[in-house]
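Novice: So here's run_7.csv, just CSV, C-alpha atoms:
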chain,number,residue,atom,x,y,z
A,1,MET,CA,-36.4,50.0,-11.8
A,2,GLN,CA,-39.3,47.8,-10.8
A,3,LEU,CA,-39.0,45.9,-14.1
A,4,LEU,CA,-35.3,45.3,-13.6
A,5,GLY,CA,-36.0,44.0,-10.1
A,6,ILE,CA,-38.6,41.6,-11.4
A,7,ILE,CA,-36.3,40.4,-14.2
A,8,ALA,CA,-33.6,39.7,-11.6
A,9,VAL,CA,-35.9,37.7,-9.4
A,10,VAL,CA,-37.1,35.7,-12.5
A,11,ALA,CA,-33.5,35.0,-13.6
A,12,ALA,CA,-32.7,33.7,-10.1
A,13,LEU,CA,-35.7,31.4,-10.3
A,14,VAL,CA,-35.0,29.9,-13.7
A,15,ALA,CA,-31.2,29.6,-13.4
A,16,PRO,CA,-29.9,26.0,-13.2
A,17,VAL,CA,-29.0,24.9,-9.7
A,18,THR,CA,-25.4,23.5,-9.4
A,19,PRO,CA,-25.3,20.6,-7.0
A,20,ALA,CA,-22.6,20.4,-4.4
A,21,PRO,CA,-19.8,17.9,-5.3
A,22,GLY,CA,-19.8,14.5,-3.7
A,23,CYS,CA,-22.6,12.3,-2.5
A,24,ALA,CA,-24.9,13.1,0.4
A,25,GLY,CA,-24.1,11.0,3.3
A,26,GLN,CA,-20.8,9.8,2.0
A,27,GLN,CA,-18.4,12.6,3.1
A,28,ALA,CA,-17.6,10.9,6.4
A,29,PRO,CA,-17.8,7.2,7.5
A,30,PRO,CA,-21.2,6.1,8.7
A,31,PRO,CA,-22.0,5.2,12.2
A,32,PRO,CA,-21.8,3.4,14.6
A,33,PHE,CA,-18.7,5.3,15.8
A,34,ALA,CA,-15.8,3.8,17.7
A,35,ARG,CA,-15.3,5.1,21.2
A,36,GLU,CA,-11.9,6.5,20.0
A,37,GLU,CA,-13.7,8.7,17.5
A,38,LEU,CA,-15.7,10.4,20.2
A,39,VAL,CA,-12.7,11.9,22.0
A,40,ALA,CA,-12.7,15.0,19.7
A,41,ALA,CA,-14.8,16.3,16.9
A,42,VAL,CA,-13.0,16.4,13.6
A,43,GLU,CA,-14.7,17.8,10.5
A,44,PRO,CA,-14.7,15.6,7.4
A,45,LEU,CA,-12.2,16.2,4.7
A,46,PRO,CA,-13.6,18.6,2.1
A,47,TRP,CA,-14.9,17.2,-1.2
A,48,PRO,CA,-12.7,18.0,-4.2
A,49,ALA,CA,-14.4,20.3,-6.6
A,50,GLU,CA,-14.2,17.5,-9.2
A,51,PRO,CA,-14.2,13.7,-8.5
A,52,VAL,CA,-10.6,12.5,-8.4
A,53,GLY,CA,-10.1,10.1,-11.3
A,54,GLY,CA,-12.8,11.4,-13.6
A,55,PRO,CA,-16.5,12.4,-13.6
A,56,GLN,CA,-17.9,8.9,-13.7
A,57,LEU,CA,-16.1,8.2,-10.4
A,58,GLY,CA,-18.3,10.8,-8.7
A,59,THR,CA,-21.1,8.3,-8.8
A,60,CYS,CA,-23.0,7.5,-5.6
A,61,GLY,CA,-23.8,4.1,-7.1
A,62,GLU,CA,-22.2,1.9,-9.8
A,63,ALA,CA,-20.1,2.6,-12.9
A,64,GLY,CA,-19.0,0.0,-15.5
A,65,THR,CA,-20.5,-2.9,-13.6
A,66,THR,CA,-22.6,-4.5,-16.3
A,67,GLY,CA,-22.1,-8.2,-15.9
A,68,ALA,CA,-19.9,-7.8,-12.9
A,69,PRO,CA,-20.5,-10.2,-9.9
A,70,GLN,CA,-22.7,-9.0,-7.1
A,71,VAL,CA,-20.7,-8.4,-4.0
A,72,GLY,CA,-22.0,-7.3,-0.6
A,73,ALA,CA,-19.5,-4.4,0.0
A,74,PRO,CA,-21.2,-1.1,-0.4
A,75,SER,CA,-18.1,0.5,-1.9
A,76,TRP,CA,-15.4,-1.0,-4.1
A,77,VAL,CA,-12.9,-0.3,-7.0
A,78,LEU,CA,-11.4,-2.6,-9.6
A,79,ALA,CA,-8.6,-1.2,-11.8
A,80,ASP,CA,-5.6,-2.1,-14.0
A,81,MET,CA,-2.6,-1.7,-11.7
A,82,ASP,CA,-0.2,-0.7,-14.5
A,83,SER,CA,-2.2,1.8,-16.5
A,84,GLY,CA,-4.4,2.9,-13.6
A,85,ALA,CA,-7.6,2.4,-15.8
A,86,VAL,CA,-10.6,1.8,-13.5
A,87,LEU,CA,-12.6,-1.0,-14.9
A,88,ALA,CA,-15.6,-0.7,-12.6
A,89,ALA,CA,-16.6,0.8,-9.3
A,90,ARG,CA,-19.3,1.2,-6.7
A,91,ALA,CA,-19.5,4.4,-4.7
A,92,PRO,CA,-15.7,4.7,-5.2
A,93,HIS,CA,-15.2,7.9,-3.2
A,94,ALA,CA,-17.6,7.1,-0.3
A,95,ARG,CA,-15.6,7.6,2.9
A,96,HIS,CA,-15.2,4.7,5.2
A,97,ARG,CA,-12.8,3.6,7.9
A,98,PRO,CA,-9.8,1.7,6.6
A,99,ALA,CA,-8.9,-0.5,9.6
A,100,SER,CA,-5.6,-2.2,9.0
A,101,THR,CA,-5.6,-1.5,5.2
A,102,LEU,CA,-4.2,1.9,6.3
A,103,LYS,CA,-1.0,0.0,7.0
A,104,VAL,CA,-0.3,0.3,3.2
A,105,LEU,CA,0.1,4.0,3.7
A,106,THR,CA,2.1,3.4,6.9
A,107,ALA,CA,4.4,1.2,4.9
A,108,ILE,CA,4.9,3.7,2.0
A,109,VAL,CA,6.0,6.4,4.5
A,110,ALA,CA,8.3,4.0,6.3
A,111,VAL,CA,10.0,2.8,3.1
A,112,ARG,CA,10.5,6.3,2.0
A,113,ASN,CA,11.9,7.6,5.3
A,114,LEU,CA,13.8,4.8,6.9
A,115,ASP,CA,16.8,2.7,6.1
A,116,PRO,CA,15.6,-0.9,5.8
A,117,ASP,CA,18.6,-2.2,7.8
A,118,ALA,CA,18.3,0.4,10.6
A,119,VAL,CA,17.6,-1.2,14.0
A,120,VAL,CA,14.7,-0.2,16.2
A,121,ASP,CA,14.4,-1.3,19.9
A,122,GLY,CA,11.2,-2.8,21.2
A,123,THR,CA,9.4,-1.3,24.2
A,124,ALA,CA,6.9,-2.4,26.9
A,125,GLU,CA,4.4,0.0,25.2
A,126,ASP,CA,4.6,-2.1,22.1
A,127,GLN,CA,3.3,-5.1,24.0
A,128,GLN,CA,0.4,-3.2,25.4
A,129,ILE,CA,-1.0,-1.8,22.2
A,130,GLU,CA,-4.6,-2.7,21.3
A,131,GLY,CA,-5.4,-5.2,18.6
A,132,SER,CA,-3.3,-7.5,16.5
A,133,LYS,CA,0.4,-7.8,17.2
A,134,ALA,CA,3.4,-9.3,15.5
A,135,GLY,CA,5.1,-10.0,18.8
A,136,ILE,CA,7.8,-7.4,19.6
A,137,GLY,CA,8.8,-6.4,23.1
A,138,PRO,CA,11.3,-4.8,25.4
A,139,GLY,CA,14.9,-6.0,24.9
A,140,GLY,CA,14.1,-6.9,21.3
A,141,HIS,CA,16.1,-5.4,18.4
A,142,TYR,CA,14.4,-5.3,15.0
A,143,THR,CA,15.4,-4.0,11.6
A,144,VAL,CA,13.0,-1.8,9.7
A,145,ARG,CA,12.8,-4.7,7.2
A,146,GLN,CA,11.6,-7.1,9.9
A,147,LEU,CA,9.1,-4.5,11.3
A,148,LEU,CA,7.6,-4.1,7.8
A,149,ALA,CA,7.2,-7.9,7.7
A,150,GLY,CA,5.4,-7.8,11.0
A,151,LEU,CA,3.3,-4.9,9.8
A,152,LEU,CA,2.2,-6.4,6.4
A,153,LEU,CA,2.2,-10.2,7.1
A,154,ASN,CA,0.6,-10.3,10.5
A,155,SER,CA,-0.9,-6.8,10.7
A,156,GLY,CA,1.1,-5.9,13.7
A,157,ASN,CA,-0.1,-2.8,15.5
A,158,ASP,CA,3.0,-3.1,17.6
A,159,THR,CA,5.3,-2.9,14.6
A,160,ALA,CA,3.3,0.1,13.3
A,161,GLN,CA,4.0,1.8,16.5
A,162,ALA,CA,7.7,0.9,16.4
A,163,LEU,CA,8.0,2.2,12.8
A,164,ALA,CA,6.4,5.5,13.9
A,165,ARG,CA,8.7,5.8,16.8
A,166,ALA,CA,11.7,5.4,14.5
A,167,GLN,CA,10.4,8.4,12.5
A,168,GLY,CA,10.0,10.6,15.5
A,169,GLY,CA,6.6,9.5,16.9
A,170,ASP,CA,3.0,9.0,16.0
A,171,ALA,CA,2.2,12.7,15.4
A,172,LEU,CA,5.0,13.2,12.9
A,173,THR,CA,4.3,9.9,11.1
A,174,ARG,CA,0.6,10.7,10.8
A,175,ALA,CA,1.5,14.1,9.4
A,176,ARG,CA,3.8,12.4,6.8
A,177,MET,CA,1.0,9.9,6.0
A,178,ALA,CA,-1.5,12.7,5.4
A,179,ALA,CA,1.0,14.6,3.3
A,180,VAL,CA,1.7,11.6,1.1
A,181,ALA,CA,-2.0,10.9,0.7
A,182,GLY,CA,-2.5,14.5,-0.3
A,183,GLU,CA,0.4,14.5,-2.7
A,184,LEU,CA,-0.8,11.3,-4.5
A,185,GLY,CA,-4.4,12.3,-4.8
A,186,ALA,CA,-5.8,10.1,-2.1
A,187,LEU,CA,-8.1,13.0,-0.9
A,188,ASP,CA,-10.5,10.8,1.0
A,189,THR,CA,-7.8,9.6,3.4
A,190,LEU,CA,-7.3,11.1,6.8
A,191,PRO,CA,-5.1,8.9,9.1
A,192,ALA,CA,-6.0,9.2,12.7
A,193,SER,CA,-3.6,6.4,13.8
A,194,VAL,CA,-0.5,4.8,12.2
A,195,SER,CA,-2.0,1.3,12.6
A,196,GLY,CA,-5.6,1.7,11.3
A,197,LEU,CA,-7.1,1.6,14.8
A,198,ASP,CA,-10.1,4.0,14.8
A,199,GLY,CA,-9.6,7.6,15.8
A,200,PRO,CA,-11.2,11.0,15.3
A,201,GLY,CA,-11.7,11.8,11.7
A,202,MET,CA,-10.3,8.5,10.4
A,203,SER,CA,-11.4,7.9,6.8
A,204,THR,CA,-10.4,6.5,3.4
A,205,SER,CA,-12.2,5.2,0.3
A,206,ALA,CA,-12.0,2.2,-2.0
A,207,TYR,CA,-10.6,4.5,-4.6
A,208,ASP,CA,-7.8,5.7,-2.3
A,209,LEU,CA,-6.9,2.2,-1.1
A,210,ALA,CA,-6.6,1.0,-4.7
A,211,LEU,CA,-4.5,4.1,-5.5
A,212,LEU,CA,-2.2,3.7,-2.5
A,213,PHE,CA,-1.7,-0.1,-3.1
A,214,ARG,CA,-0.7,0.6,-6.7
A,215,VAL,CA,1.9,3.2,-5.5
A,216,ALA,CA,3.1,0.9,-2.8
A,217,MET,CA,3.7,-2.0,-5.2
A,218,ARG,CA,6.2,0.2,-7.1
A,219,GLU,CA,8.4,0.0,-4.0
A,220,PRO,CA,10.4,-3.3,-4.3
A,221,LEU,CA,10.6,-3.8,-0.5
A,222,PHE,CA,6.9,-3.5,-0.1
A,223,ALA,CA,6.1,-5.7,-3.1
A,224,SER,CA,8.5,-8.5,-2.0
A,225,THR,CA,7.4,-8.3,1.7
A,226,ILE,CA,3.6,-8.5,1.1
A,227,ALA,CA,4.2,-11.5,-1.2
A,228,THR,CA,6.2,-13.3,1.5
A,229,ARG,CA,4.6,-16.4,2.9
A,230,SER,CA,6.6,-16.4,6.2
A,231,VAL,CA,9.7,-14.9,7.8
A,232,ASP,CA,11.9,-15.7,10.8
A,233,PHE,CA,11.4,-13.1,13.5
A,234,PRO,CA,13.6,-12.3,16.5
A,235,GLY,CA,12.5,-12.8,20.0
A,236,TYR,CA,13.1,-10.6,23.0
A,237,GLY,CA,14.1,-11.1,26.6
A,238,ASP,CA,13.5,-14.8,27.4
A,239,ARG,CA,11.3,-15.3,24.4
A,240,PRO,CA,13.0,-17.2,21.6
A,241,GLY,CA,12.7,-16.3,17.9
A,242,PHE,CA,9.6,-17.4,16.0
A,243,VAL,CA,8.0,-17.4,12.6
A,244,VAL,CA,5.6,-14.7,11.4
A,245,SER,CA,3.3,-16.1,8.7
A,246,ASN,CA,1.3,-14.2,6.1
A,247,THR,CA,-2.4,-14.2,7.1
A,248,SER,CA,-3.6,-13.5,3.5
A,249,HIS,CA,-6.2,-15.9,2.2
A,250,LEU,CA,-6.0,-14.3,-1.3
A,251,LEU,CA,-2.2,-15.0,-1.5
A,252,GLY,CA,-2.6,-18.5,-0.4
A,253,GLN,CA,-5.6,-19.5,-2.4
A,254,TYR,CA,-6.0,-17.2,-5.5
A,255,PRO,CA,-3.8,-18.1,-8.5
A,256,GLY,CA,-1.6,-15.2,-9.5
A,257,ALA,CA,-2.2,-13.3,-6.3
A,258,LEU,CA,0.6,-10.7,-5.6
A,259,GLY,CA,-0.5,-9.9,-2.1
A,260,ASP,CA,-3.1,-8.1,-0.2
A,261,LYS,CA,-3.8,-6.3,3.1
A,262,THR,CA,-7.0,-6.8,5.1
A,263,GLY,CA,-8.4,-5.1,8.1
A,264,PHE,CA,-11.2,-5.2,10.6
A,265,THR,CA,-12.5,-3.1,13.5
A,266,ASP,CA,-16.1,-3.1,14.9
A,267,ALA,CA,-16.7,0.3,13.4
A,268,ALA,CA,-14.9,-0.2,10.1
A,269,ARG,CA,-16.1,-3.8,9.5
A,270,HIS,CA,-14.1,-5.7,7.0
A,271,THR,CA,-11.8,-4.2,4.4
A,272,ILE,CA,-9.4,-5.6,1.8
A,273,VAL,CA,-7.0,-4.2,-0.9
A,274,GLY,CA,-4.9,-6.5,-3.0
A,275,ALA,CA,-3.6,-7.4,-6.5
A,276,ALA,CA,-3.2,-10.3,-8.8
A,277,GLU,CA,-1.6,-11.1,-12.2
A,278,ARG,CA,-2.8,-13.2,-15.1
A,279,ASN,CA,-1.3,-13.5,-18.5
A,280,GLY,CA,0.9,-10.5,-17.9
A,281,ARG,CA,-2.0,-8.3,-16.8
A,282,ARG,CA,-2.1,-6.9,-13.2
A,283,LEU,CA,-5.3,-5.8,-11.5
A,284,VAL,CA,-5.9,-4.2,-8.1
A,285,VAL,CA,-9.1,-4.4,-6.2
A,286,ALA,CA,-10.3,-2.7,-3.0
A,287,LEU,CA,-13.5,-3.3,-1.0
A,288,VAL,CA,-14.5,-1.4,2.2
A,289,ARG,CA,-17.1,-1.9,4.9
A,290,GLY,CA,-17.7,-5.5,3.8
A,291,GLU,CA,-18.9,-8.5,5.7
A,292,GLN,CA,-17.8,-12.1,5.6
A,293,HIS,CA,-21.1,-13.4,4.4
A,294,PRO,CA,-22.6,-14.8,2.3
A,295,VAL,CA,-19.0,-15.5,1.3
A,296,PRO,CA,-15.7,-14.2,2.9
A,297,LEU,CA,-14.6,-10.8,1.7
A,298,TRP,CA,-11.5,-12.2,0.1
A,299,LYS,CA,-13.7,-14.4,-2.1
A,300,GLN,CA,-15.7,-11.3,-3.1
A,301,ALA,CA,-12.5,-9.7,-4.1
A,302,ALA,CA,-11.5,-12.8,-6.0
A,303,ALA,CA,-14.8,-12.8,-7.9
A,304,LEU,CA,-14.2,-9.2,-9.0
A,305,LEU,CA,-10.7,-10.1,-10.1
A,306,ASP,CA,-11.9,-13.0,-12.1
A,307,TRP,CA,-14.5,-10.8,-13.9
A,308,GLY,CA,-11.9,-8.1,-14.5
A,309,PHE,CA,-9.4,-10.5,-16.1
A,310,ALA,CA,-12.2,-11.7,-18.4
A,311,GLN,CA,-12.8,-8.2,-19.7
A,312,PRO,CA,-10.9,-7.0,-22.9
A,313,ALA,CA,-7.7,-5.2,-22.0
A,314,ASP,CA,-8.8,-2.3,-24.2
A,315,ALA,CA,-12.3,-1.9,-22.7
A,316,GLU,CA,-13.3,1.7,-22.1
A,317,PRO,CA,-12.5,2.6,-18.5
A,318,VAL,CA,-14.8,4.6,-16.2
A,319,GLY,CA,-11.9,6.5,-14.7
A,320,THR,CA,-8.3,6.3,-13.7
A,321,LEU,CA,-6.2,5.9,-10.6
A,322,VAL,CA,-4.2,9.2,-10.5
A,323,ASP,CA,-0.5,9.5,-9.5
A,324,ARG,CA,-0.7,13.1,-8.3
A,325,THR,CA,-3.4,15.3,-6.9
A,326,PRO,CA,-5.1,17.0,-9.8
A,327,VAL,CA,-4.6,20.7,-10.2
A,328,GLU,CA,-8.1,22.1,-9.8
A,329,THR,CA,-10.3,24.7,-8.2
A,330,PRO,CA,-10.3,24.9,-4.4
A,331,PRO,CA,-12.3,22.1,-2.7
A,332,VAL,CA,-15.8,22.8,-1.6
A,333,MET,CA,-16.3,22.8,2.2
A,334,ASN,CA,-19.4,20.9,3.0
A,335,PRO,CA,-20.8,21.1,6.5
A,336,PRO,CA,-20.5,17.9,8.6
A,337,ALA,CA,-23.7,16.0,8.8
A,338,VAL,CA,-25.1,12.9,10.5
A,339,VAL,CA,-24.1,10.2,8.1
A,340,PRO,CA,-26.4,7.2,7.4
A,341,ASP,CA,-25.0,3.8,6.5
A,342,VAL,CA,-23.9,3.7,2.9
A,343,THR,CA,-25.5,1.2,0.6
A,344,ALA,CA,-25.1,0.7,-3.1
A,345,ARG,CA,-27.9,2.5,-4.8
A,346,GLU,CA,-28.8,4.2,-8.1
A,347,PRO,CA,-29.3,7.9,-8.2
A,348,SER,CA,-32.7,9.0,-6.9
A,349,HIS,CA,-35.5,9.1,-9.4
A,350,ALA,CA,-37.8,11.3,-7.3
A,351,ALA,CA,-39.8,13.8,-9.1
A,352,VAL,CA,-38.0,17.0,-9.9
A,353,VAL,CA,-39.8,20.3,-9.7
A,354,PRO,CA,-39.8,22.0,-13.1
A,355,VAL,CA,-38.1,25.3,-12.3
A,356,LEU,CA,-38.3,26.9,-15.7
A,357,PRO,CA,-42.2,26.7,-16.1
A,358,ILE,CA,-42.5,28.1,-12.5
A,359,GLY,CA,-40.1,30.9,-13.3
A,360,LEU,CA,-42.0,31.8,-16.5
A,361,ALA,CA,-45.3,31.8,-14.6
A,362,VAL,CA,-43.8,34.1,-12.0
A,363,ALA,CA,-42.5,36.4,-14.7
A,364,ALA,CA,-45.9,36.6,-16.4
A,365,GLY,CA,-47.6,37.4,-13.1
A,366,ALA,CA,-45.0,40.0,-12.1
A,367,THR,CA,-45.3,41.7,-15.5
A,368,ALA,CA,-49.1,41.9,-15.2
A,369,VAL,CA,-48.7,43.4,-11.7
A,370,LEU,CA,-46.3,46.0,-13.0
A,371,LEU,CA,-48.6,47.0,-15.9
A,372,THR,CA,-51.5,47.4,-13.5
A,373,LEU,CA,-49.4,49.6,-11.3
A,374,ARG,CA,-48.4,51.8,-14.3
A,375,ARG,CA,-52.0,52.2,-15.4
A,376,ARG,CA,-52.9,53.2,-11.9
A,377,SER,CA,-50.1,55.8,-11.8
A,378,ARG,CA,-51.3,57.4,-15.0
A,379,ARG,CA,-54.8,58.0,-13.7
Could you render the structure as structure tokens?
Specialist:
Amino acid sequence: MQLLGIIAVVAALVAPVTPAPGCAGQQAPPPPFAREELVAAVEPLPWPAEPVGGPQLGTCGEAGTTGAPQVGAPSWVLADMDSGAVLAARAPHARHRPASTLKVLTAIVAVRNLDPDAVVDGTAEDQQIEGSKAGIGPGGHYTVRQLLAGLLLNSGNDTAQALARAQGGDALTRARMAAVAGELGALDTLPASVSGLDGPGMSTSAYDLALLFRVAMREPLFASTIATRSVDFPGYGDRPGFVVSNTSHLLGQYPGALGDKTGFTDAARHTIVGAAERNGRRLVVALVRGEQHPVPLWKQAAALLDWGFAQPADAEPVGTLVDRTPVETPPVMNPPAVVPDVTAREPSHAAVVPVLPIGLAVAAGATAVLLTLRRRSRR
């Protein structure tokens, strides 16, 4: 029995250690936290047992980036929008705050659940919402089509609120957004608001934003709206009608741009997701937690697009943007942790303790002890 016990101990020592899925420090967005996030504690979403999109997309650093331009964003994805093939990525599943790029998901849910010609009344609360506004108010009457224009062209938080109200309120709309994200395989995305304003547990990833934008562009109303340069918008009360213009730099200055959505909050920093077409090939790019220096984030996105279009169409991908949540083993629940800022880095090359030699040494020592004990028992 003693020998069996020793063998069990040795087996445990020499057995390979299976690392937890995901990357340390990337399960939740890094600090500093917005004040809205401190209202209630929300555990991060669990890591899937396998990286969505393929094993290489589980990297904490870079994949497929040989020759790619250096950009400052710590996490990004570049993919073929039609096939879903991921050309290159940096920390694709690192969780960050989406800011207004979350409005892509808001729009998907609105398009799927509302009649584009249905009319929604503006309210005084719409005027009072924090952040960017399209300009709706009490006494105004807006079609869902017009509200989507305000949402995507001018990043209106007021129009996001109105679209949510038309679906039964913020809570129901956020539940629908979470359900759609889960259905599509955007398992890094937890919507804490309908507009992208920060809130408890809010998260997404560059991978998820690219995936969601790809899905959204299949909706004709979304695709046509996000490519619109300007649209006439109704007034309200004594305010006359006005023109809402598309604030996209990519659409205005990048040849072949199909549209994009940007975002910013103090905690999220700058985010962008968009697409372009060249010679019949369409690419989608997403960058999160970027800065506007040394060049604006849209120019960083443009540099990645240029590089992507220069790659062979049949180049070996490093993964894929999925259309549905993969069928897999249950996700692994990791305990929440204090999350440091995420930077692009290669896997650690710190020395690894050689477990097998240690285990063999322990086995030899244990065997010697056992033989000694047996000799003593025979005296």
Novice: Counting only C-alpha atoms, which residue out of A:Pro200, A:Pro317, A:Gly241, A:Pro326 sits closest to A:Ala88?
Specialist: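 Closest residue, counting only C-alpha atoms: A:Pro317.
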Novice: So which one's closest to A:Ala257, A:Pro21, A:Gly274, A:Pro32, A:Pro98? Using only C-alpha atoms, please.
Specialist: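 Nearest to A:Ala257: A:Gly274.
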Novice: Considering only C-alpha atoms, state which residue in the set A:Arg145, A:His270, A:Arg165, A:Lys103 is at the smallest distance from A:Gly122.
Specialist: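 Distance minimum relative to A:Gly122 lands on A:Arg165.
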Novice: Let me make sure I understand: among A:Val77, A:Val273, A:Leu283, A:Ala164, which one has the smallest atom-to-atom distance to A:Glu62 if we use all atoms listed in the file?
Specialist: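 When distances to A:Glu62 are compared using all atoms listed in the file, the smallest one comes from A:Val77.
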Novice: Any idea what the distance is between atom CA of A:Glu50 and atom CA of A:Ala186?
Specialist: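 We find that atom CA of A:Glu50 and atom CA of A:Ala186 lie 13.3 Å from each other.
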Novice: From the list A:Leu163, A:Leu297, A:Leu151, A:Ala124, which residue is nearest A:Gly237 when using only C-alpha atoms?
Specialist: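 Nearest to A:Gly237: A:Ala124.
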Novice: Counting only C-alpha atoms, which residue out of A:Thr247, A:Thr228, A:Ala206, A:Arg281 sits closest to A:Asp314?
Specialist: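 Smallest distance to A:Asp314 is found for A:Arg281.
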